[in-house]
Amino acid sequence: EGTLVTTIGERGKAPGQFNFPTNIAVDRAGKLYVMDTMNFRVQVMGPDGDVLRTFGQVGDGLGQFARPKGIGVDSEGNIYVVDAAFNNYQIFDPEGRLLLFVGSIGQQPGEFWLPAGLYVDDDDRIYVVDQYNFRIQMFERIRTQASGGPGSPQPGGPAG
């Protein structure tokens with residue numbers, strides 16, 4: 001019916017407050033991931049709205065944010081953040097530690113020009129809205145041996 005259930009947060013810099021939040025993602029456990037864009041951070045909240053953790057800061061180094069836009073989370077809790085200024089997306093572990101970044105400016109596959117959004121589906125495919133290249137790029141997450149699942153190396157199998 002469109003009835004308001006609750007409101008989370010208000011304007012500010014403290015945990016649970018926001019400064020121009022732009023995108024959200026929800027994981028399978030019901031945790032909410034908020035791209036708190038002008039605070040240059042990700043806020044992770046429990047299903048009840050309590051802040052579990054925050055990470056990120058403004059800057060142009062690895063793991064920092066300049067123009068963070070879209071956010072997504074995969075089946076293992078890894079967090080993906082697309083940054084329009086860096087023309088890439090960064091992957092963080094569930095605790096907010098940087099694992100990898102993907103992309104650079106350009107028009108070839110794997111390159112972006114002002115990416116504006118990101119979504120991770122139930123099969124851990126990553127979709128990036130590549131705004132100025134007028135396309136959506138899709139990436140498939142490669143599973144490591146430790147993460148298991150289809151397509152991952154098996155014990156005793158060939159080394160990848």
# chains A, B, ... in the order shown; residues from 1 in each chain; ligands from 1
call {"tool": "residues_around", "arguments": {"residues": "A:Gly77", "least_positions_apart": "3", "cutoff": "10 Å", "atoms": "only C-alpha atoms", "output": "ChimeraX atom specification"}}
result
/A:27-29,31,72-74,80,92-95
call {"tool": "write_last_selection", "arguments": {"atoms": "all heavy atoms", "output": "compact mmCIF listing (two decimals), in the first residue's frame"}}
result
# COMPACT_ATOMS: atom_id res chain seq x y z
N ASP A 27 21.94 -7.35 1.57
CA ASP A 27 22.47 -8.71 1.38
C ASP A 27 21.42 -9.75 1.78
O ASP A 27 20.31 -9.41 2.21
CB ASP A 27 23.81 -8.90 2.11
CG ASP A 27 23.71 -8.94 3.62
OD1 ASP A 27 22.57 -9.03 4.18
OD2 ASP A 27 24.76 -8.91 4.27
N ARG A 28 21.78 -11.01 1.66
CA ARG A 28 20.84 -12.10 1.92
C ARG A 28 20.44 -12.19 3.39
O ARG A 28 19.41 -12.78 3.72
CB ARG A 28 21.45 -13.42 1.44
CG ARG A 28 21.62 -13.43 -0.06
CD ARG A 28 22.32 -14.65 -0.55
NE ARG A 28 22.54 -14.52 -2.00
CZ ARG A 28 23.14 -15.43 -2.73
NH1 ARG A 28 23.60 -16.54 -2.18
NH2 ARG A 28 23.29 -15.25 -4.02
N ALA A 29 21.25 -11.64 4.27
CA ALA A 29 20.93 -11.65 5.71
C ALA A 29 20.11 -10.43 6.13
O ALA A 29 19.75 -10.29 7.29
CB ALA A 29 22.23 -11.71 6.52
N LYS A 31 21.19 -7.23 5.86
CA LYS A 31 22.01 -6.05 6.18
C LYS A 31 21.89 -5.04 5.06
O LYS A 31 21.83 -5.39 3.88
CB LYS A 31 23.47 -6.44 6.40
CG LYS A 31 23.70 -7.16 7.71
CD LYS A 31 25.17 -7.38 7.94
CE LYS A 31 25.59 -8.61 7.17
NZ LYS A 31 26.94 -9.08 7.48
N GLY A 72 27.18 -2.51 -4.23
CA GLY A 72 26.59 -3.85 -4.28
C GLY A 72 27.32 -4.76 -3.33
O GLY A 72 28.41 -4.44 -2.84
N VAL A 73 26.73 -5.91 -3.07
CA VAL A 73 27.34 -6.89 -2.17
C VAL A 73 27.12 -8.27 -2.75
O VAL A 73 26.05 -8.56 -3.29
CB VAL A 73 26.77 -6.75 -0.73
CG1 VAL A 73 25.27 -6.99 -0.69
CG2 VAL A 73 27.49 -7.65 0.23
N ASP A 74 28.16 -9.12 -2.70
CA ASP A 74 28.04 -10.47 -3.27
C ASP A 74 27.62 -11.47 -2.20
O ASP A 74 27.40 -11.12 -1.03
CB ASP A 74 29.31 -10.87 -4.02
CG ASP A 74 30.52 -11.10 -3.14
OD1 ASP A 74 30.38 -11.36 -1.92
OD2 ASP A 74 31.65 -11.03 -3.67
N TYR A 80 31.16 -3.92 -3.21
CA TYR A 80 31.62 -3.33 -4.46
C TYR A 80 31.16 -1.87 -4.50
O TYR A 80 29.97 -1.60 -4.30
CB TYR A 80 31.02 -4.07 -5.65
CG TYR A 80 31.40 -5.53 -5.71
CD1 TYR A 80 30.90 -6.46 -4.80
CD2 TYR A 80 32.26 -5.99 -6.70
CE1 TYR A 80 31.26 -7.79 -4.86
CE2 TYR A 80 32.63 -7.33 -6.77
CZ TYR A 80 32.13 -8.22 -5.84
OH TYR A 80 32.48 -9.54 -5.90
N PHE A 92 35.82 -4.57 -1.61
CA PHE A 92 36.24 -4.62 -0.21
C PHE A 92 35.74 -5.91 0.42
O PHE A 92 34.67 -6.40 0.05
CB PHE A 92 35.65 -3.43 0.55
CG PHE A 92 36.09 -2.09 0.03
CD1 PHE A 92 35.40 -1.47 -1.01
CD2 PHE A 92 37.20 -1.45 0.56
CE1 PHE A 92 35.80 -0.24 -1.51
CE2 PHE A 92 37.60 -0.21 0.08
CZ PHE A 92 36.91 0.38 -0.96
N ASP A 93 36.48 -6.43 1.39
CA ASP A 93 36.00 -7.60 2.12
C ASP A 93 34.89 -7.15 3.07
O ASP A 93 34.61 -5.94 3.20
CB ASP A 93 37.15 -8.34 2.81
CG ASP A 93 37.69 -7.64 4.05
OD1 ASP A 93 37.16 -6.60 4.50
OD2 ASP A 93 38.70 -8.14 4.58
N PRO A 94 34.21 -8.10 3.74
CA PRO A 94 33.10 -7.71 4.61
C PRO A 94 33.47 -6.75 5.74
O PRO A 94 32.61 -6.05 6.26
CB PRO A 94 32.62 -9.06 5.19
CG PRO A 94 32.98 -10.06 4.13
CD PRO A 94 34.30 -9.57 3.58
N GLU A 95 34.75 -6.67 6.09
CA GLU A 95 35.19 -5.75 7.14
C GLU A 95 35.59 -4.38 6.59
O GLU A 95 35.96 -3.49 7.35
CB GLU A 95 36.35 -6.36 7.92
CG GLU A 95 35.99 -7.66 8.60
CD GLU A 95 34.77 -7.54 9.51
OE1 GLU A 95 34.72 -6.57 10.31
OE2 GLU A 95 33.87 -8.39 9.43
call {"tool": "select_by_dssp", "arguments": {"residues": "stretch 48-145 of chain A", "states": "strand (DSSP E or B)", "output": "PyMOL selection string"}}
result
chain A and resi 51-55+58+65+68-73+79-83+88-92+98-102+105+112+115-120+125-130+135-140
call {"tool": "residues_around", "arguments": {"residues": "stretch 10-18 of chain A", "least_positions_apart": "2", "cutoff": "8 Å", "atoms": "only C-alpha atoms", "output": "JSON, numbers by chain"}}
result
{"A": [8, 20, 21, 36, 39, 43, 50, 51, 54]}
call {"tool": "residues_around", "arguments": {"residues": "A:Gly63", "least_positions_apart": "3", "cutoff": "12 Å", "atoms": "only C-alpha atoms", "output": "PyMOL selection string"}}
result
chain A and resi 40-42+55-60+66+68+79-83+86+88-93+96-101
call {"tool": "closest_residue", "arguments": {"among": "A:Asn78, A:Ile105, A:Arg135, A:Ile71", "to": "A:Ile24", "atoms": "only C-alpha atoms"}}
result
A:Ile71
call {"tool": "select_by_dssp", "arguments": {"residues": "chain A", "states": "helix (DSSP H, G or I)", "output": "list in words"}}
result
Thr37, Met38, Asn39, Gln131, Tyr132, Asn133, Gln145, Ala146 and Ser147 of chain A
call {"tool": "write_last_selection", "arguments": {"atoms": "N, CA and C atoms", "output": "PDB file, in the first residue's frame"}}
result
ATOM      1  N   THR A  37      27.561   9.186   0.143  1.00  0.00           N
ATOM      2  CA  THR A  37      28.432   9.785  -0.865  1.00  0.00           C
ATOM      3  C   THR A  37      29.256  10.975  -0.384  1.00  0.00           C
ATOM      4  N   MET A  38      28.647  11.960   0.197  1.00  0.00           N
ATOM      5  CA  MET A  38      29.408  13.155   0.563  1.00  0.00           C
ATOM      6  C   MET A  38      30.103  13.039   1.922  1.00  0.00           C
ATOM      7  N   ASN A  39      29.916  11.918   2.605  1.00  0.00           N
ATOM      8  CA  ASN A  39      30.766  11.581   3.749  1.00  0.00           C
ATOM      9  C   ASN A  39      31.864  10.619   3.301  1.00  0.00           C
ATOM     10  N   GLN A 131      28.188   5.191 -17.860  1.00  0.00           N
ATOM     11  CA  GLN A 131      27.325   6.279 -18.313  1.00  0.00           C
ATOM     12  C   GLN A 131      27.751   6.923 -19.629  1.00  0.00           C
ATOM     13  N   TYR A 132      28.948   7.455 -19.731  1.00  0.00           N
ATOM     14  CA  TYR A 132      29.328   8.188 -20.937  1.00  0.00           C
ATOM     15  C   TYR A 132      29.706   7.284 -22.098  1.00  0.00           C
ATOM     16  N   ASN A 133      29.903   5.998 -21.836  1.00  0.00           N
ATOM     17  CA  ASN A 133      30.099   5.035 -22.917  1.00  0.00           C
ATOM     18  C   ASN A 133      28.765   4.433 -23.364  1.00  0.00           C
ATOM     19  N   GLN A 145      39.640 -20.937  -4.512  1.00  0.00           N
ATOM     20  CA  GLN A 145      39.471 -22.276  -3.950  1.00  0.00           C
ATOM     21  C   GLN A 145      38.795 -22.207  -2.585  1.00  0.00           C
ATOM     22  N   ALA A 146      39.178 -21.243  -1.790  1.00  0.00           N
ATOM     23  CA  ALA A 146      38.623 -21.126  -0.439  1.00  0.00           C
ATOM     24  C   ALA A 146      37.134 -20.827  -0.460  1.00  0.00           C
ATOM     25  N   SER A 147      36.638 -20.152  -1.505  1.00  0.00           N
ATOM     26  CA  SER A 147      35.234 -19.773  -1.513  1.00  0.00           C
ATOM     27  C   SER A 147      34.337 -20.861  -2.061  1.00  0.00           C
TER      28      SER A 147
END
call {"tool": "closest_residue", "arguments": {"among": "A:Glu140, A:Glu76, A:Asp48, A:Asp121", "to": "A:Val102", "atoms": "only C-alpha atoms"}}
result
A:Glu140
call {"tool": "residues_around", "arguments": {"residues": "stretch 124-127 of chain A", "least_positions_apart": "4", "cutoff": "8 Å", "atoms": "only C-alpha atoms", "output": "list of chain:residue names"}}
result
A:Asp74, A:Ser75, A:Leu118, A:Tyr119, A:Val120, A:Ile136, A:Gln137, A:Met138, A:Phe139, A:Glu140, A:Arg141
call {"tool": "residues_around", "arguments": {"residues": "A:Val44", "least_positions_apart": "6", "cutoff": "6 Å", "atoms": "only C-alpha atoms", "output": "ChimeraX atom specification"}}
result
/A:32-33,51-53
call {"tool": "atom_distance", "arguments": {"atom1": "atom CA of A:Thr22", "atom2": "atom CA of A:Ala116"}}
result
10.3 Å
call {"tool": "closest_residue", "arguments": {"among": "A:Ser104, A:Asn23, A:Gly70, A:Pro115", "to": "A:Val129", "atoms": "only C-alpha atoms"}}
result
A:Pro115
call {"tool": "closest_residue", "arguments": {"among": "A:Ala84, A:Val128, A:Val34, A:Ala25", "to": "A:Pro109", "atoms": "only C-alpha atoms"}}
result
A:Val128
call {"tool": "decode", "arguments": {"residues": "stretch 51-145 of chain A", "atoms": "C-alpha atoms", "output": "PDB file, in the first residue's frame"}}
result
ATOM      1  CA  VAL A  51      25.175   0.759  12.414  1.00  0.00           C
ATOM      2  CA  LEU A  52      27.431  -2.297  12.340  1.00  0.00           C
ATOM      3  CA  ARG A  53      30.446  -0.581  10.777  1.00  0.00           C
ATOM      4  CA  THR A  54      31.544   2.210   8.472  1.00  0.00           C
ATOM      5  CA  PHE A  55      34.561   2.470   6.232  1.00  0.00           C
ATOM      6  CA  GLY A  56      36.025   4.863   3.702  1.00  0.00           C
ATOM      7  CA  GLN A  57      37.398   8.357   3.490  1.00  0.00           C
ATOM      8  CA  VAL A  58      37.894  11.061   0.901  1.00  0.00           C
ATOM      9  CA  GLY A  59      41.066  10.832  -1.154  1.00  0.00           C
ATOM     10  CA  ASP A  60      42.614   9.606  -4.365  1.00  0.00           C
ATOM     11  CA  GLY A  61      44.427   6.574  -2.983  1.00  0.00           C
ATOM     12  CA  LEU A  62      43.554   2.896  -2.961  1.00  0.00           C
ATOM     13  CA  GLY A  63      40.490   2.223  -0.854  1.00  0.00           C
ATOM     14  CA  GLN A  64      39.514   5.896  -0.725  1.00  0.00           C
ATOM     15  CA  PHE A  65      36.599   7.622  -2.455  1.00  0.00           C
ATOM     16  CA  ALA A  66      36.283  10.747  -4.600  1.00  0.00           C
ATOM     17  CA  ARG A  67      32.872  10.413  -6.304  1.00  0.00           C
ATOM     18  CA  PRO A  68      31.397   7.150  -4.993  1.00  0.00           C
ATOM     19  CA  LYS A  69      28.150   6.187  -6.674  1.00  0.00           C
ATOM     20  CA  GLY A  70      26.800   2.635  -6.862  1.00  0.00           C
ATOM     21  CA  ILE A  71      27.193  -0.108  -4.291  1.00  0.00           C
ATOM     22  CA  GLY A  72      26.593  -3.847  -4.281  1.00  0.00           C
ATOM     23  CA  VAL A  73      27.336  -6.885  -2.166  1.00  0.00           C
ATOM     24  CA  ASP A  74      28.037 -10.466  -3.271  1.00  0.00           C
ATOM     25  CA  SER A  75      27.033 -13.775  -1.697  1.00  0.00           C
ATOM     26  CA  GLU A  76      30.135 -13.792   0.525  1.00  0.00           C
ATOM     27  CA  GLY A  77      29.635 -10.265   1.840  1.00  0.00           C
ATOM     28  CA  ASN A  78      32.265  -8.576  -0.343  1.00  0.00           C
ATOM     29  CA  ILE A  79      31.302  -4.972  -1.023  1.00  0.00           C
ATOM     30  CA  TYR A  80      31.619  -3.326  -4.459  1.00  0.00           C
ATOM     31  CA  VAL A  81      31.743   0.464  -4.843  1.00  0.00           C
ATOM     32  CA  VAL A  82      31.849   2.263  -8.201  1.00  0.00           C
ATOM     33  CA  ASP A  83      33.617   5.628  -8.221  1.00  0.00           C
ATOM     34  CA  ALA A  84      32.950   8.033 -11.083  1.00  0.00           C
ATOM     35  CA  ALA A  85      36.144  10.021 -10.480  1.00  0.00           C
ATOM     36  CA  PHE A  86      38.381   6.935 -10.609  1.00  0.00           C
ATOM     37  CA  ASN A  87      36.450   5.283 -13.482  1.00  0.00           C
ATOM     38  CA  ASN A  88      36.569   1.951 -11.674  1.00  0.00           C
ATOM     39  CA  TYR A  89      34.990  -0.135  -9.005  1.00  0.00           C
ATOM     40  CA  GLN A  90      36.702  -1.213  -5.812  1.00  0.00           C
ATOM     41  CA  ILE A  91      36.059  -4.479  -4.006  1.00  0.00           C
ATOM     42  CA  PHE A  92      36.242  -4.616  -0.211  1.00  0.00           C
ATOM     43  CA  ASP A  93      35.998  -7.597   2.116  1.00  0.00           C
ATOM     44  CA  PRO A  94      33.098  -7.714   4.614  1.00  0.00           C
ATOM     45  CA  GLU A  95      35.185  -5.747   7.139  1.00  0.00           C
ATOM     46  CA  GLY A  96      35.898  -2.926   4.650  1.00  0.00           C
ATOM     47  CA  ARG A  97      39.474  -3.851   3.702  1.00  0.00           C
ATOM     48  CA  LEU A  98      40.346  -3.240   0.047  1.00  0.00           C
ATOM     49  CA  LEU A  99      40.784  -6.432  -1.970  1.00  0.00           C
ATOM     50  CA  LEU A 100      40.988  -5.229  -5.574  1.00  0.00           C
ATOM     51  CA  PHE A 101      40.014  -2.497  -7.986  1.00  0.00           C
ATOM     52  CA  VAL A 102      38.786  -3.045 -11.546  1.00  0.00           C
ATOM     53  CA  GLY A 103      38.902  -0.626 -14.447  1.00  0.00           C
ATOM     54  CA  SER A 104      40.335   2.632 -15.665  1.00  0.00           C
ATOM     55  CA  ILE A 105      39.184   5.408 -17.973  1.00  0.00           C
ATOM     56  CA  GLY A 106      38.507   4.416 -21.562  1.00  0.00           C
ATOM     57  CA  GLN A 107      36.114   2.836 -24.018  1.00  0.00           C
ATOM     58  CA  GLN A 108      37.387  -0.752 -24.195  1.00  0.00           C
ATOM     59  CA  PRO A 109      35.901  -3.662 -22.223  1.00  0.00           C
ATOM     60  CA  GLY A 110      36.804  -3.225 -18.569  1.00  0.00           C
ATOM     61  CA  GLU A 111      37.290   0.519 -19.008  1.00  0.00           C
ATOM     62  CA  PHE A 112      34.761   3.106 -17.906  1.00  0.00           C
ATOM     63  CA  TRP A 113      33.850   6.716 -18.519  1.00  0.00           C
ATOM     64  CA  LEU A 114      31.962   8.218 -15.604  1.00  0.00           C
ATOM     65  CA  PRO A 115      30.391   5.033 -14.204  1.00  0.00           C
ATOM     66  CA  ALA A 116      27.208   5.855 -12.344  1.00  0.00           C
ATOM     67  CA  GLY A 117      25.799   2.671 -10.821  1.00  0.00           C
ATOM     68  CA  LEU A 118      26.525  -0.902  -9.825  1.00  0.00           C
ATOM     69  CA  TYR A 119      24.478  -4.004  -9.048  1.00  0.00           C
ATOM     70  CA  VAL A 120      25.496  -7.529  -7.977  1.00  0.00           C
ATOM     71  CA  ASP A 121      22.942 -10.250  -8.790  1.00  0.00           C
ATOM     72  CA  ASP A 122      22.231 -13.517  -6.967  1.00  0.00           C
ATOM     73  CA  ASP A 123      24.810 -15.328  -9.134  1.00  0.00           C
ATOM     74  CA  ASP A 124      27.521 -12.786  -8.196  1.00  0.00           C
ATOM     75  CA  ARG A 125      27.554 -11.159 -11.633  1.00  0.00           C
ATOM     76  CA  ILE A 126      28.557  -7.509 -11.386  1.00  0.00           C
ATOM     77  CA  TYR A 127      26.758  -4.963 -13.585  1.00  0.00           C
ATOM     78  CA  VAL A 128      28.262  -1.496 -13.992  1.00  0.00           C
ATOM     79  CA  VAL A 129      26.417   1.436 -15.562  1.00  0.00           C
ATOM     80  CA  ASP A 130      29.091   2.950 -17.826  1.00  0.00           C
ATOM     81  CA  GLN A 131      27.325   6.279 -18.313  1.00  0.00           C
ATOM     82  CA  TYR A 132      29.328   8.188 -20.937  1.00  0.00           C
ATOM     83  CA  ASN A 133      30.099   5.035 -22.917  1.00  0.00           C
ATOM     84  CA  PHE A 134      26.311   4.475 -23.149  1.00  0.00           C
ATOM     85  CA  ARG A 135      26.491   0.856 -21.984  1.00  0.00           C
ATOM     86  CA  ILE A 136      26.256  -1.550 -19.121  1.00  0.00           C
ATOM     87  CA  GLN A 137      29.221  -3.825 -18.580  1.00  0.00           C
ATOM     88  CA  MET A 138      28.800  -7.187 -16.888  1.00  0.00           C
ATOM     89  CA  PHE A 139      31.583  -8.978 -15.016  1.00  0.00           C
ATOM     90  CA  GLU A 140      31.660 -12.456 -13.559  1.00  0.00           C
ATOM     91  CA  ARG A 141      33.240 -12.963 -10.185  1.00  0.00           C
ATOM     92  CA  ILE A 142      35.970 -15.604 -10.229  1.00  0.00           C
ATOM     93  CA  ARG A 143      35.767 -17.764  -7.161  1.00  0.00           C
ATOM     94  CA  THR A 144      38.876 -18.791  -5.297  1.00  0.00           C
ATOM     95  CA  GLN A 145      39.471 -22.276  -3.950  1.00  0.00           C
TER      96      GLN A 145
END
